[in-house]
Each structure stands twice: as C-alpha cells, then as structure tokens.
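Here is the structure we will look at, set down as structure tokens.
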Amino acid sequence: MTRAPILEARQIVKELGEGNAKIQALKGVSLTLHPGEFTLLMGPSGSGKTTLLSILGCILSPTSGSVIVAGENASGRSAEQLADLRRRHLGFIFQAYNLFPTLDALDNVKLALDVRGFSAEEAAKRAEESLRAVGLGHRLHSHPGTLSGGEKQRVAIARAISSSPAIVLADEPTSALDTENGHAIMELLQKLAKDDQRTILAVTHDPRTIPYADRVIEIEDGLIKEEANGAEAPVEAVGETRPAGGSGKTGRKRKQYANA
Amino acid sequence: MIIKLATRNLFHDRARFLVTLIGILFAVLLVAIQLGMFFGARQMITAMVDRANADIWIGAYGADSIEQGLLLTGRERFVALSVPGVQEVRPLIVSFAEWRKPDQSTAHIVVVGSNKGEEGIEPWNVVEGREFPVSPNGVIVDRTYAKALGVTGIGSLAQIEGHPVRVEGLTDGIRSFTTSPYVFTSLGEAHTLTSVPQGQANFYLVKLAPGADTAQVKRELQSRLGKVFVFTKDEFRKQNLSYWLFGTGAGGALLGGTVLGLIVGTVIVAQTLYSSTKDHLSEFATLRALGSSAQYIHKVILAQAVVSGLCGWALGTVLTILISTFSGEAALPIIFTPGLAVFLLFVTLVMCTLSAVSSILKVTKIDPAMVFSR
Ligand SMILES: Nc1ncnc2c1ncn2[C@@H]1O[C@H](COP(=O)(O)OP(=O)(O)OP(=O)(O)O)[C@@H](O)[C@H]1O
Ligand SMILES: [Mg+2]
C-alpha cells in the first residue's frame, strides 16, 4: 500500500459529555486509509469505535486533531460544509440499515443520489447498477419491510456505493445479521473494496470477520492498540479483547465463516 | 425524489394525514364561506347604486345608506339643474313600507320608485312579466321573495300601506341586505305608497353632461346646496358598504371569522406536521449523514406542507362550490369566484408554509451523529 492515502486522521482527541460526566472517548488516534483496502476497526464496547467512525465520516468534529478526506482538511468547517464533504466523498452503512421504510429499494438508493445532486436518469441508472452489484437485481421494487436483514443491508450497501464515494464507512454492518448473512455481507464488502478508487472501513465486534480484511486496527479505551494484516491477525488475541468473546470457539468459527 | 419522499411520509400515517386534511379543509371552508359571504354581502349592498344610472347622488344628511334616505325638499333638484355640467336630475324614492298579503299577514319592504328612463333605477334581470310597471298600481318584485310576500305569480294582488298593488313583473336575484325585499314601482305610484309628498324625493340622481368634470360639478353642487350630502357614484357605493359592513359590524364578523379560520388551520397543520417530522427525525438524520444539505431536508418538509395544502385546498374548493351553489336561496348567498379560489390557494400555501416553520426549526437542530446510536 504505497498509494497516496484517501483518508488521514491525525492525533484525534474527542471529549464527550459535559461537566463531571465529561470523558475522553478518543485520546489521540492517528490512522491512514488507502484505496483498494478493506480495513476493520475492532475493539471492546465503549472503546470509541463509533466515535472514531463518526469523526472519520465528518459527522462529528474532533476536539483536536485533524481529518483529511480525499485531500481536503475537514477541520474548522461548518455543519453545511461537512455535509458537503460527506456528500462528495463518503458512503455510510449502518448497523440498523437506516433505510427509508416508505420507499422501495430502488428509491432508497435513488434518494441518496438525489441528495448528491445526480440527475434523475443518472440516479436511476446508478441505483439499478449498484443494486445489481449487490445481488438485488430481482428486488428493485421491494420495500424494506418485505426484505430480510441481509437484503436490507445489501440495499444499504448499494446506497453507500452508488455515488462511487472514495470512502465507505460501516458501523457494525453484520451485527444484526445471522452467521450466513453476515458472511455474505463481509464477502461483498471485501469484493467492493478491491476497487482501487475506494477504501472501506468497517467497525466490528466480531472476530469471524477478520479473515476478510486487509488490515485490522484495534482500538481500546480511546487509543489504537495494535494493527495487523487481516490474513495474519491473531484471531484469538483479538477475540480476547471482546468482553463476551467467543473464547476457544473463535478459531473454528473463523474458519467456518471464511470457508463457508 | 423530494416530492416522492414527502408524499410517502404523508400517506405513511393515514390518520395523521386525515387530521391534516381536515384542518386545512376546515380553514379553507371557513375562509371561503366567510369571504364568499362578504363578497355576497358587498354585491347585495352595492347592487342598487351600481345599477342606478347616476354620476352623482344628492341625499339628505343622515342618509347613511340607500335604504335610509330622508326627505329632501325638492328645491335641490332646481338648484342642481342650474349648475353647469349637470344634464339631468331625477328624483328617486327609496322608503321602507308595509306589505300586506291577501291573507292579511304583513312584511317589511323597501319601495323603490323612479321614472322609467336612463336616470332612475329600473328593475333588472326581469324573468317574467313587464320590464317596468305600466299600470298605476303595478309593482315588480323578486322571485326570491315571492313566498315571503305571498306572491304566486304575475297578477298577484297585495296592499302597500293600505293601497292595492298588482305584481306586473318578477326579477331574479335582486336581493336585499336588509332582508326587506325591494319592491319596484313608478315614481308616481311610489308617492302614493309612501309618505313622500309630490315634488319631493329621498335622493336626486344627477347625470352629468358629456365631458363634465365630476369632481368640479360635485364641488359646485355641494357649495350651492349646503346642508345635504353630494356623493359621486363611487363615494356613495363606499358609503353604503362602510355603513352596512363596518358600521353594523357585519363585515367585521365575517372578516374575523376568516382570520380565525386561518389561525385554527395553521395551528392544526403545524401540529400534525411537527409530529410527523418528529416521527421521521431519524430518517432526516440519515439524510443529513448521507450528506444532504439542510435546505434539502427543509424542502422535504415544505413539500409535505404544500402537498397537504393542495389536497386540502382542492377538497375545500369543491365543497365550497357545492355550498355556494346551494346558498342561492339563503339569506346571505355565498359568492365563490375563480379569483377567490386562487386567493384561497395562495392563503392555503402561506398557511402551510407558516405551519412548516416549527418543523424546520426542529430538523435544523438534528445531529446526524444520532444515526449511529439507534
Ligand atoms: N454523546 C455522548 N456523550 C457522552 N459520552 C458518550 C457519548 N457517546 C458516547 N459516549 C461515550 O464515549 C465512549 C465511546 O463510545 P463509542 O460509542 O464510540 O463506543 P463503541 O466502541 O462504539 O462501543 P460499542 O461497541 O458499544 O458500540 C463510551 O464510553 C461512551 O459511553
Ligand atoms: Mg458503537
């Protein structure tokens, strides 16, 4: 990975809460994401994963430190300017899918493209393409209520990639899914990350997702603890940092997940 | 997509949409009916003055409206005729009187007497019988009041202040704001039926010579006549309107009803829109996270308001047209014009835009970070 980074975070500190309840959720985090990479961000509950993801995604502003998105420094920007950065460079995938229940799959993707200023025809074309790319070509006109969890997450992924953003950020994309669907979604993200115009960062609790990643960044108590290549990551070690981890079974699960 | 999302948001919760529609419908109906009545009343009040072929009205002081003419001495006519620019001066009698039906029951009427010819007030919209009474005791009444006057058709007999009269013609749609029907007759007969002596009148209608300057003639008339009022046609119209609509408070009540309708409508729409916005807040936060501008979200909310407004307006307009069609026979008919419909559309859109303010303020405060904390 010698290419220029797409996303750079430098010495991110984030304080949350007020007065006595004030805590430092991030205590100086630096990381760099490169195109063509699928990176996992792992760590125990409360370690600051979501906070970091929000900051990388220009949804939250750091207390100090800087985020550089596709060469643009996000520091000191207004809410409207941050929205503009997100619109141009970022795609999001959420744990709870966050689809619009009143719109069908196609319209859900088209809406995101409309927000991004695509013309109606271009949006229709791209929406259909990206839904086909995630294997939902046959469910274009299904409403979220009639889709399975895995299918909903695919719609969300289609929505995230439809505008071809340089950076796709996912918060726990598989934690609401069963094993089989979780596996399929990870495989899809892995495949999508192969695009050398794109980088994908996913927050996860689940050690079974490790084999899909090119990199695994481990965060604990607001600090980056360890980084490993996904393929060589010591799965058990990472697993141990999970509070309700999979103990001895993790290794086997990882195999099942990766080879299923 | 904005319109699509907005309509889906609206139709998603049918019950709430129904409440919204009822709120708008209520406002539109109330405003339409009040304003329709207001216009109806205006038309009724000014009809006589509009129809009279007079450039200038001369009346006794204290005659606040055409129905309340006091007695002029008759001298005014000759003075007026001597003013340069005056072509013709015609007497007009407008006087309350008692109408006795064949069954001896009575009704209040307004006798309108003038000579046939360009300068008087002739009945208009005559649908049956003569255009103007010819026999000495002939009168013309409006169909709307036929029942109230015990008139069954041409040739019906009655008494006015003890004098026998015969209906010679029927008009359609000449309504009286005072609810006392107008009864048209010749000037001569009017002298007999009322207490206005020969040679006197309640009003003198002045017709100007071609090219005469109305303002100048009016000034000259006023200075020569002294203690009477001299009004141009337009001034007398306004005088009648201001007396009946604002002097009596009737217009105030109608316009007050309009304002009330608007306030209630705005509050209901604001309320339902706000609760809808609150329900869809997480979706708006998602939109924001996806990079939508605040403006985009405001447009969705405004579109919700406008779509509701359009639906409510369309329903309200249809209902008002129905009501106004059936109001023809009512004491105060509702006049619903295309202009009023357009005005209502404008008012509805303003109302809905105002209602969106609280919702827009609400979404302005959303933190897109809430998308991760569901
Ligand atoms: N709005 C907030 N105000 C105060 N403290 C907060 C706020 N949001 C998060 N925190 C705290 O900041 C720390 C980091 O939270 P964060 O949500 O980033 O953790 P996480 O790693 O995503 O956890 P999980 O795995 O449970 O999702 C936690 O201690 C959390 O309680
Ligand atoms: Mg989290």
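Residue names in the structure tokens use chain letters A, B, ... in the order shown, residue numbers from 1 in each chain, and ligand numbers from 1 in the order shown.
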
How close does chain A get to ligand 1? List, as a tab-separated table, each residue of chain A within 12 Å, its nearest atom pair and the distance in Å to one decimal, counting only C-alpha atoms and all ligand atoms.
residue	atom	partner	partner_atom_place_in_ligand_line	distance
A:Val13	CA	ligand 1	12 (O)	11.6
A:Lys14	CA	ligand 1	12 (O)	8.8
A:Glu15	CA	ligand 1	5 (N)	8.0
A:Leu16	CA	ligand 1	4 (C)	4.4
A:Gly17	CA	ligand 1	4 (C)	3.8
A:Glu18	CA	ligand 1	4 (C)	7.4
A:Gly19	CA	ligand 1	4 (C)	10.4
A:Asn20	CA	ligand 1	4 (C)	10.7
A:Ala21	CA	ligand 1	4 (C)	7.1
A:Lys22	CA	ligand 1	4 (C)	6.7
A:Ile23	CA	ligand 1	5 (N)	6.5
A:Gln24	CA	ligand 1	12 (O)	7.2
A:Ala25	CA	ligand 1	12 (O)	4.5
A:Leu26	CA	ligand 1	14 (C)	7.5
A:Lys27	CA	ligand 1	14 (C)	10.8
A:Leu41	CA	ligand 1	21 (O)	9.4
A:Met42	CA	ligand 1	21 (O)	8.1
A:Gly43	CA	ligand 1	21 (O)	6.4
A:Pro44	CA	ligand 1	25 (O)	5.8
A:Ser45	CA	ligand 1	25 (O)	3.4
A:Gly46	CA	ligand 1	19 (O)	3.5
A:Ser47	CA	ligand 1	21 (O)	4.0
A:Gly48	CA	ligand 1	18 (O)	3.2
A:Lys49	CA	ligand 1	21 (O)	3.7
A:Thr50	CA	ligand 1	22 (O)	3.7
A:Thr51	CA	ligand 1	18 (O)	3.7
A:Leu52	CA	ligand 1	18 (O)	6.4
A:Leu53	CA	ligand 1	18 (O)	7.9
A:Ser54	CA	ligand 1	18 (O)	8.4
A:Ile55	CA	ligand 1	18 (O)	10.0
A:Leu56	CA	ligand 1	18 (O)	12.0
A:Leu60	CA	ligand 1	1 (N)	10.4
A:Phe94	CA	ligand 1	27 (O)	11.6
A:Gln95	CA	ligand 1	27 (O)	9.9
A:Ala170	CA	ligand 1	22 (O)	11.6
A:Asp171	CA	ligand 1	22 (O)	8.2
A:Glu172	CA	ligand 1	27 (O)	8.1
A:Pro173	CA	ligand 1	27 (O)	11.7
A:Ser175	CA	ligand 1	25 (O)	10.5
A:Ala202	CA	ligand 1	22 (O)	11.5
A:Val203	CA	ligand 1	22 (O)	8.0
A:Thr204	CA	ligand 1	25 (O)	7.8
A:His205	CA	ligand 1	25 (O)	6.7
A:Asp206	CA	ligand 1	25 (O)	10.4
A:Glu218	CA	ligand 1	21 (O)	10.5
A:Ile219	CA	ligand 1	21 (O)	8.1
A:Glu220	CA	ligand 1	21 (O)	8.1
A:Asp221	CA	ligand 1	14 (C)	7.9
A:Gly222	CA	ligand 1	14 (C)	7.3
A:Leu223	CA	ligand 1	21 (O)	10.9
A:Ile224	CA	ligand 1	21 (O)	11.7
A:Thr241	CA	ligand 1	25 (O)	11.4
A:Arg242	CA	ligand 1	25 (O)	9.2
A:Pro243	CA	ligand 1	25 (O)	10.0
A:Ala244	CA	ligand 1	25 (O)	11.4

request  = Run DSSP on the backbone of this structure and report the residues of stretch 71-136 of chain A it assigns to helix (DSSP H, G or I), as a ChimeraX atom specification.
outcome  = /A:79-89,105-115,120-133

inquiry  = List the spatial neighbours of A:Ala74 as a PyMOL selection string - criterion: any atom at most 12 Å away, only C-alpha atoms, same-chain residues fewer than 3 positions off excluded.
reply    = chain A and resi 7-10+55-62+64-71+77-86+89

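With the cut-off set to 8 Å and only C-alpha atoms counted, chain B residues close to chain A are B:Met1, B:Leu5, B:Arg8, B:Asn9, B:His12, B:Glu283, B:Thr286, B:Leu287, B:Arg288, B:Ala289, B:Leu290, B:Gly291, B:Ser292, B:Ser293, B:Ala294, B:Tyr296, B:Pro368, B:Ala369, B:Val371, B:Phe372, B:Arg374.
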
Go ahead and dump the residues you just picked, C-alpha atoms, as a PDB file, in the first residue's frame.
ATOM      1  CA  MET B   1     -37.483  12.467  -5.044  1.00  0.00           C
ATOM      2  CA  LEU B   5     -40.456  11.225  -0.074  1.00  0.00           C
ATOM      3  CA  ARG B   8     -44.809   8.908   1.207  1.00  0.00           C
ATOM      4  CA  ASN B   9     -44.165  10.456   4.589  1.00  0.00           C
ATOM      5  CA  HIS B  12     -47.487   6.641   5.651  1.00  0.00           C
ATOM      6  CA  GLU B 283     -34.775   9.430   8.634  1.00  0.00           C
ATOM      7  CA  THR B 286     -29.897   9.636   7.946  1.00  0.00           C
ATOM      8  CA  LEU B 287     -30.380  12.045   5.060  1.00  0.00           C
ATOM      9  CA  ARG B 288     -28.145  14.510   6.822  1.00  0.00           C
ATOM     10  CA  ALA B 289     -25.500  11.846   7.410  1.00  0.00           C
ATOM     11  CA  LEU B 290     -25.682  10.912   3.742  1.00  0.00           C
ATOM     12  CA  GLY B 291     -24.625  14.475   3.066  1.00  0.00           C
ATOM     13  CA  SER B 292     -27.902  16.190   2.343  1.00  0.00           C
ATOM     14  CA  SER B 293     -27.898  19.918   2.814  1.00  0.00           C
ATOM     15  CA  ALA B 294     -30.167  21.375   5.463  1.00  0.00           C
ATOM     16  CA  TYR B 296     -32.838  19.644   1.051  1.00  0.00           C
ATOM     17  CA  PRO B 368     -26.500  13.454  12.207  1.00  0.00           C
ATOM     18  CA  ALA B 369     -24.454  11.561  14.813  1.00  0.00           C
ATOM     19  CA  VAL B 371     -27.641   7.710  13.035  1.00  0.00           C
ATOM     20  CA  PHE B 372     -25.128   5.519  14.834  1.00  0.00           C
ATOM     21  CA  ARG B 374     -30.072   3.619  17.281  1.00  0.00           C
TER      22      ARG B 374
END

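The environment of A:Thr146 within 12 Å, counting only C-alpha atoms and disregarding residues fewer than 3 places along the same chain, consists of Pro101, Thr102, Leu103, Asp104, Ala105, Arg139, Leu140, His141, Ser142, His143, Gly149, Gly150, Glu151 and Lys152 of chain A.
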
Residue selection dump (all heavy atoms) as a compact mmCIF listing (two decimals), in the first residue's frame:
# COMPACT_ATOMS: atom_id res chain seq x y z
N PRO A 101 -38.41 3.43 5.14
CA PRO A 101 -39.40 2.34 5.06
C PRO A 101 -40.48 2.58 4.02
O PRO A 101 -41.08 1.63 3.53
CB PRO A 101 -39.99 2.31 6.47
CG PRO A 101 -39.69 3.64 7.06
CD PRO A 101 -38.41 4.10 6.44
N THR A 102 -40.72 3.85 3.67
CA THR A 102 -41.81 4.12 2.74
C THR A 102 -41.36 4.06 1.28
O THR A 102 -42.19 4.18 0.38
CB THR A 102 -42.41 5.51 3.01
OG1 THR A 102 -41.36 6.47 2.94
CG2 THR A 102 -43.06 5.58 4.38
N LEU A 103 -40.06 3.89 1.07
CA LEU A 103 -39.56 3.85 -0.30
C LEU A 103 -39.07 2.46 -0.64
O LEU A 103 -38.55 1.75 0.23
CB LEU A 103 -38.40 4.84 -0.46
CG LEU A 103 -38.69 6.32 -0.19
CD1 LEU A 103 -37.39 7.13 -0.30
CD2 LEU A 103 -39.73 6.86 -1.16
N ASP A 104 -39.22 2.04 -1.90
CA ASP A 104 -38.71 0.72 -2.27
C ASP A 104 -37.18 0.77 -2.42
O ASP A 104 -36.56 1.84 -2.29
CB ASP A 104 -39.41 0.19 -3.52
CG ASP A 104 -39.12 1.00 -4.77
OD1 ASP A 104 -38.11 1.73 -4.79
OD2 ASP A 104 -39.91 0.91 -5.73
N ALA A 105 -36.60 -0.39 -2.66
CA ALA A 105 -35.13 -0.48 -2.68
C ALA A 105 -34.53 0.52 -3.66
O ALA A 105 -33.60 1.26 -3.34
CB ALA A 105 -34.72 -1.91 -3.05
N ARG A 139 -34.96 -7.54 -6.69
CA ARG A 139 -35.79 -6.96 -5.62
C ARG A 139 -35.85 -5.43 -5.70
O ARG A 139 -36.05 -4.78 -4.68
CB ARG A 139 -35.25 -7.36 -4.23
CG ARG A 139 -35.07 -8.83 -3.96
CD ARG A 139 -36.38 -9.62 -3.94
NE ARG A 139 -37.44 -9.09 -3.10
CZ ARG A 139 -37.81 -9.60 -1.93
NH1 ARG A 139 -37.18 -10.63 -1.43
NH2 ARG A 139 -38.82 -9.09 -1.28
N LEU A 140 -35.69 -4.90 -6.89
CA LEU A 140 -35.62 -3.44 -7.04
C LEU A 140 -36.83 -2.73 -6.42
O LEU A 140 -36.71 -1.66 -5.83
CB LEU A 140 -35.53 -3.06 -8.52
CG LEU A 140 -34.30 -3.55 -9.27
CD1 LEU A 140 -34.38 -3.12 -10.73
CD2 LEU A 140 -33.03 -3.02 -8.62
N HIS A 141 -38.00 -3.34 -6.57
CA HIS A 141 -39.21 -2.64 -6.13
C HIS A 141 -39.80 -3.19 -4.84
O HIS A 141 -40.97 -3.00 -4.54
CB HIS A 141 -40.23 -2.63 -7.26
CG HIS A 141 -39.74 -1.84 -8.44
ND1 HIS A 141 -39.59 -0.47 -8.40
CD2 HIS A 141 -39.29 -2.24 -9.65
CE1 HIS A 141 -39.09 -0.05 -9.54
NE2 HIS A 141 -38.89 -1.11 -10.33
N SER A 142 -38.94 -3.89 -4.08
CA SER A 142 -39.40 -4.36 -2.77
C SER A 142 -39.18 -3.28 -1.73
O SER A 142 -38.19 -2.55 -1.77
CB SER A 142 -38.61 -5.61 -2.38
OG SER A 142 -38.76 -6.59 -3.36
N HIS A 143 -40.11 -3.19 -0.81
CA HIS A 143 -39.96 -2.24 0.29
C HIS A 143 -39.15 -2.88 1.41
O HIS A 143 -39.20 -4.10 1.58
CB HIS A 143 -41.33 -1.79 0.79
CG HIS A 143 -41.93 -0.72 -0.07
ND1 HIS A 143 -42.43 -0.99 -1.31
CD2 HIS A 143 -42.06 0.61 0.13
CE1 HIS A 143 -42.87 0.14 -1.84
NE2 HIS A 143 -42.65 1.13 -0.99
N GLY A 149 -33.05 -9.20 6.67
CA GLY A 149 -31.99 -8.35 7.20
C GLY A 149 -30.82 -8.24 6.23
O GLY A 149 -30.30 -7.15 5.97
N GLY A 150 -30.42 -9.39 5.70
CA GLY A 150 -29.28 -9.40 4.77
C GLY A 150 -29.58 -8.58 3.53
O GLY A 150 -28.73 -7.82 3.05
N GLU A 151 -30.81 -8.72 3.05
CA GLU A 151 -31.19 -7.96 1.85
C GLU A 151 -31.22 -6.46 2.15
O GLU A 151 -30.79 -5.64 1.33
CB GLU A 151 -32.55 -8.44 1.33
CG GLU A 151 -32.46 -9.80 0.66
CD GLU A 151 -33.83 -10.38 0.34
OE1 GLU A 151 -34.78 -10.13 1.12
OE2 GLU A 151 -33.95 -11.09 -0.67
N LYS A 152 -31.73 -6.13 3.34
CA LYS A 152 -31.77 -4.71 3.71
C LYS A 152 -30.35 -4.13 3.74
O LYS A 152 -30.11 -3.03 3.25
CB LYS A 152 -32.43 -4.54 5.09
CG LYS A 152 -33.95 -4.55 5.01
CD LYS A 152 -34.56 -4.17 6.34
CE LYS A 152 -35.13 -5.40 7.00
NZ LYS A 152 -36.18 -5.17 7.96

ask   = Distance atom CA of B:Gly62-atom CA of B:Leu245, one decimal place?
value = 17.1 Å

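Atom CA of B:Thr144 is found 15.5 Å from atom CA of B:Ala47.
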
B:Leu25 surroundings by only C-alpha atoms, 6 Å radius, close-in-sequence under 3 positions cut, as a ChimeraX atom specification = /B:21-22,28-29,312,316

Write a file of the selected residues as a PDB file, in the first residue's frame, keeping N, CA and C atoms.
ATOM      1  N   LEU B  21     -55.646  17.073   6.681  1.00  0.00           N
ATOM      2  CA  LEU B  21     -56.591  17.482   5.642  1.00  0.00           C
ATOM      3  C   LEU B  21     -57.816  18.153   6.238  1.00  0.00           C
ATOM      4  N   ILE B  22     -58.311  17.575   7.335  1.00  0.00           N
ATOM      5  CA  ILE B  22     -59.495  18.159   7.958  1.00  0.00           C
ATOM      6  C   ILE B  22     -59.175  19.559   8.454  1.00  0.00           C
ATOM      7  N   VAL B  28     -59.957  26.259   4.946  1.00  0.00           N
ATOM      8  CA  VAL B  28     -60.329  26.700   3.596  1.00  0.00           C
ATOM      9  C   VAL B  28     -61.835  26.990   3.541  1.00  0.00           C
ATOM     10  N   LEU B  29     -62.615  26.075   4.102  1.00  0.00           N
ATOM     11  CA  LEU B  29     -64.070  26.249   4.076  1.00  0.00           C
ATOM     12  C   LEU B  29     -64.487  27.505   4.818  1.00  0.00           C
ATOM     13  N   GLY B 312     -55.922  19.715   0.643  1.00  0.00           N
ATOM     14  CA  GLY B 312     -56.950  20.357   1.457  1.00  0.00           C
ATOM     15  C   GLY B 312     -57.663  21.459   0.686  1.00  0.00           C
ATOM     16  N   GLY B 316     -61.496  21.583  -0.268  1.00  0.00           N
ATOM     17  CA  GLY B 316     -62.223  22.746   0.248  1.00  0.00           C
ATOM     18  C   GLY B 316     -62.910  23.512  -0.870  1.00  0.00           C
TER      19      GLY B 316
END

ask   = Which residues come within 9 Å of A:Leu40, counting only C-alpha atoms, excluding same-chain residues fewer than 6 positions away, as an MDAnalysis selection string?
value = chainID A and resid 200:204 209:210 212:218 230

Can you write just those residues out, all heavy atoms, as a short mmCIF file (atom, residue, chain, number, x, y, z; two decimals), in the first residue's frame?
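Result file out-v7.cif:
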data_model
loop_
_atom_site.label_atom_id
_atom_site.label_comp_id
_atom_site.auth_asym_id
_atom_site.auth_seq_id
_atom_site.Cartn_x
_atom_site.Cartn_y
_atom_site.Cartn_z
N ILE A 200 -12.65 0.85 2.24
CA ILE A 200 -13.78 0.55 3.12
C ILE A 200 -13.25 0.30 4.53
O ILE A 200 -12.29 -0.44 4.72
CB ILE A 200 -14.58 -0.68 2.63
CG1 ILE A 200 -15.13 -0.42 1.21
CG2 ILE A 200 -15.72 -1.00 3.60
CD1 ILE A 200 -15.99 -1.55 0.66
N LEU A 201 -13.89 0.97 5.48
CA LEU A 201 -13.54 0.75 6.89
C LEU A 201 -14.81 0.29 7.60
O LEU A 201 -15.85 0.94 7.53
CB LEU A 201 -13.04 2.06 7.53
CG LEU A 201 -12.79 2.00 9.04
CD1 LEU A 201 -11.52 1.21 9.35
CD2 LEU A 201 -12.68 3.39 9.64
N ALA A 202 -14.70 -0.86 8.27
CA ALA A 202 -15.87 -1.37 8.98
C ALA A 202 -15.53 -1.55 10.45
O ALA A 202 -14.49 -2.11 10.80
CB ALA A 202 -16.32 -2.69 8.37
N VAL A 203 -16.42 -1.04 11.30
CA VAL A 203 -16.30 -1.29 12.73
C VAL A 203 -16.97 -2.63 13.01
O VAL A 203 -18.03 -2.92 12.46
CB VAL A 203 -17.03 -0.19 13.53
CG1 VAL A 203 -17.32 -0.64 14.94
CG2 VAL A 203 -16.22 1.09 13.52
N THR A 204 -16.34 -3.45 13.80
CA THR A 204 -16.98 -4.73 14.12
C THR A 204 -16.54 -5.24 15.47
O THR A 204 -15.47 -4.91 15.98
CB THR A 204 -16.70 -5.77 13.02
OG1 THR A 204 -17.24 -7.02 13.41
CG2 THR A 204 -15.22 -5.91 12.75
N THR A 209 -15.07 -11.89 11.29
CA THR A 209 -14.98 -11.06 10.09
C THR A 209 -13.53 -10.79 9.70
O THR A 209 -13.26 -10.33 8.60
CB THR A 209 -15.66 -9.70 10.35
OG1 THR A 209 -15.02 -9.09 11.47
CG2 THR A 209 -17.14 -9.86 10.63
N ILE A 210 -12.62 -11.10 10.60
CA ILE A 210 -11.22 -10.74 10.38
C ILE A 210 -10.63 -11.27 9.07
O ILE A 210 -9.95 -10.53 8.36
CB ILE A 210 -10.36 -11.18 11.59
CG1 ILE A 210 -10.75 -10.32 12.81
CG2 ILE A 210 -8.87 -11.03 11.30
CD1 ILE A 210 -10.17 -10.81 14.10
N TYR A 212 -11.63 -11.51 6.24
CA TYR A 212 -12.00 -10.79 5.03
C TYR A 212 -11.19 -9.52 4.85
O TYR A 212 -11.17 -8.93 3.79
CB TYR A 212 -13.48 -10.42 5.06
CG TYR A 212 -14.38 -11.64 5.05
CD1 TYR A 212 -14.87 -12.17 6.23
CD2 TYR A 212 -14.68 -12.26 3.84
CE1 TYR A 212 -15.67 -13.30 6.21
CE2 TYR A 212 -15.48 -13.39 3.82
CZ TYR A 212 -15.97 -13.90 5.02
OH TYR A 212 -16.75 -15.01 4.99
N ALA A 213 -10.55 -9.07 5.93
CA ALA A 213 -9.95 -7.73 5.92
C ALA A 213 -8.52 -7.76 5.42
O ALA A 213 -7.81 -8.75 5.54
CB ALA A 213 -10.00 -7.15 7.33
N ASP A 214 -8.13 -6.64 4.85
CA ASP A 214 -6.72 -6.46 4.51
C ASP A 214 -5.95 -5.99 5.73
O ASP A 214 -4.79 -6.29 5.91
CB ASP A 214 -6.58 -5.41 3.40
CG ASP A 214 -7.32 -5.81 2.14
OD1 ASP A 214 -7.11 -6.95 1.68
OD2 ASP A 214 -8.12 -5.00 1.63
N ARG A 215 -6.64 -5.20 6.56
CA ARG A 215 -5.99 -4.69 7.77
C ARG A 215 -6.98 -4.76 8.92
O ARG A 215 -8.18 -4.63 8.72
CB ARG A 215 -5.63 -3.21 7.60
CG ARG A 215 -4.55 -2.93 6.62
CD ARG A 215 -4.54 -1.43 6.34
NE ARG A 215 -4.11 -0.65 7.50
CZ ARG A 215 -4.33 0.67 7.61
NH1 ARG A 215 -4.97 1.31 6.66
NH2 ARG A 215 -3.90 1.32 8.67
N VAL A 216 -6.45 -4.95 10.11
CA VAL A 216 -7.30 -4.88 11.30
C VAL A 216 -6.66 -3.88 12.25
O VAL A 216 -5.49 -3.99 12.60
CB VAL A 216 -7.41 -6.25 12.00
CG1 VAL A 216 -8.23 -6.11 13.29
CG2 VAL A 216 -8.04 -7.27 11.07
N ILE A 217 -7.43 -2.86 12.61
CA ILE A 217 -6.93 -1.87 13.56
C ILE A 217 -7.67 -2.10 14.86
O ILE A 217 -8.90 -2.19 14.88
CB ILE A 217 -7.18 -0.44 13.05
CG1 ILE A 217 -6.42 -0.22 11.74
CG2 ILE A 217 -6.80 0.58 14.10
CD1 ILE A 217 -6.76 1.07 11.04
N GLU A 218 -6.90 -2.23 15.93
CA GLU A 218 -7.55 -2.50 17.20
C GLU A 218 -7.50 -1.27 18.08
O GLU A 218 -6.46 -0.63 18.23
CB GLU A 218 -6.87 -3.66 17.91
CG GLU A 218 -7.88 -4.47 18.68
CD GLU A 218 -7.20 -5.48 19.58
OE1 GLU A 218 -6.12 -5.99 19.19
OE2 GLU A 218 -7.73 -5.73 20.66
N GLY A 230 -5.07 -8.45 8.14
CA GLY A 230 -6.21 -9.30 8.40
C GLY A 230 -5.87 -10.78 8.30
O GLY A 230 -6.16 -11.57 9.19
#

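Distance-wise, atom CA of B:Leu354 and atom CA of B:Ala305 end up 9.1 Å apart.
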
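Considering only stretch 37-148 of chain A, backbone DSSP assigns strand (DSSP E or B) to A:Phe38, A:Thr39, A:Leu40, A:Leu41, A:Met42, A:Ser64, A:Gly65, A:Ser66, A:Val67, A:Ile68, A:Val69, A:Glu72, A:Asn73, A:Leu90, A:Gly91, A:Phe92, A:Ile93.
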
query = Within 12 Å of stretch 136-139 of chain B, counting only C-alpha atoms, which residues qualify if same-chain residues fewer than 3 places away don't, as a PyMOL selection string?
reply = chain B and resi 99+110-114+122-123+129-133+142+151+153-160+162-171+182-193
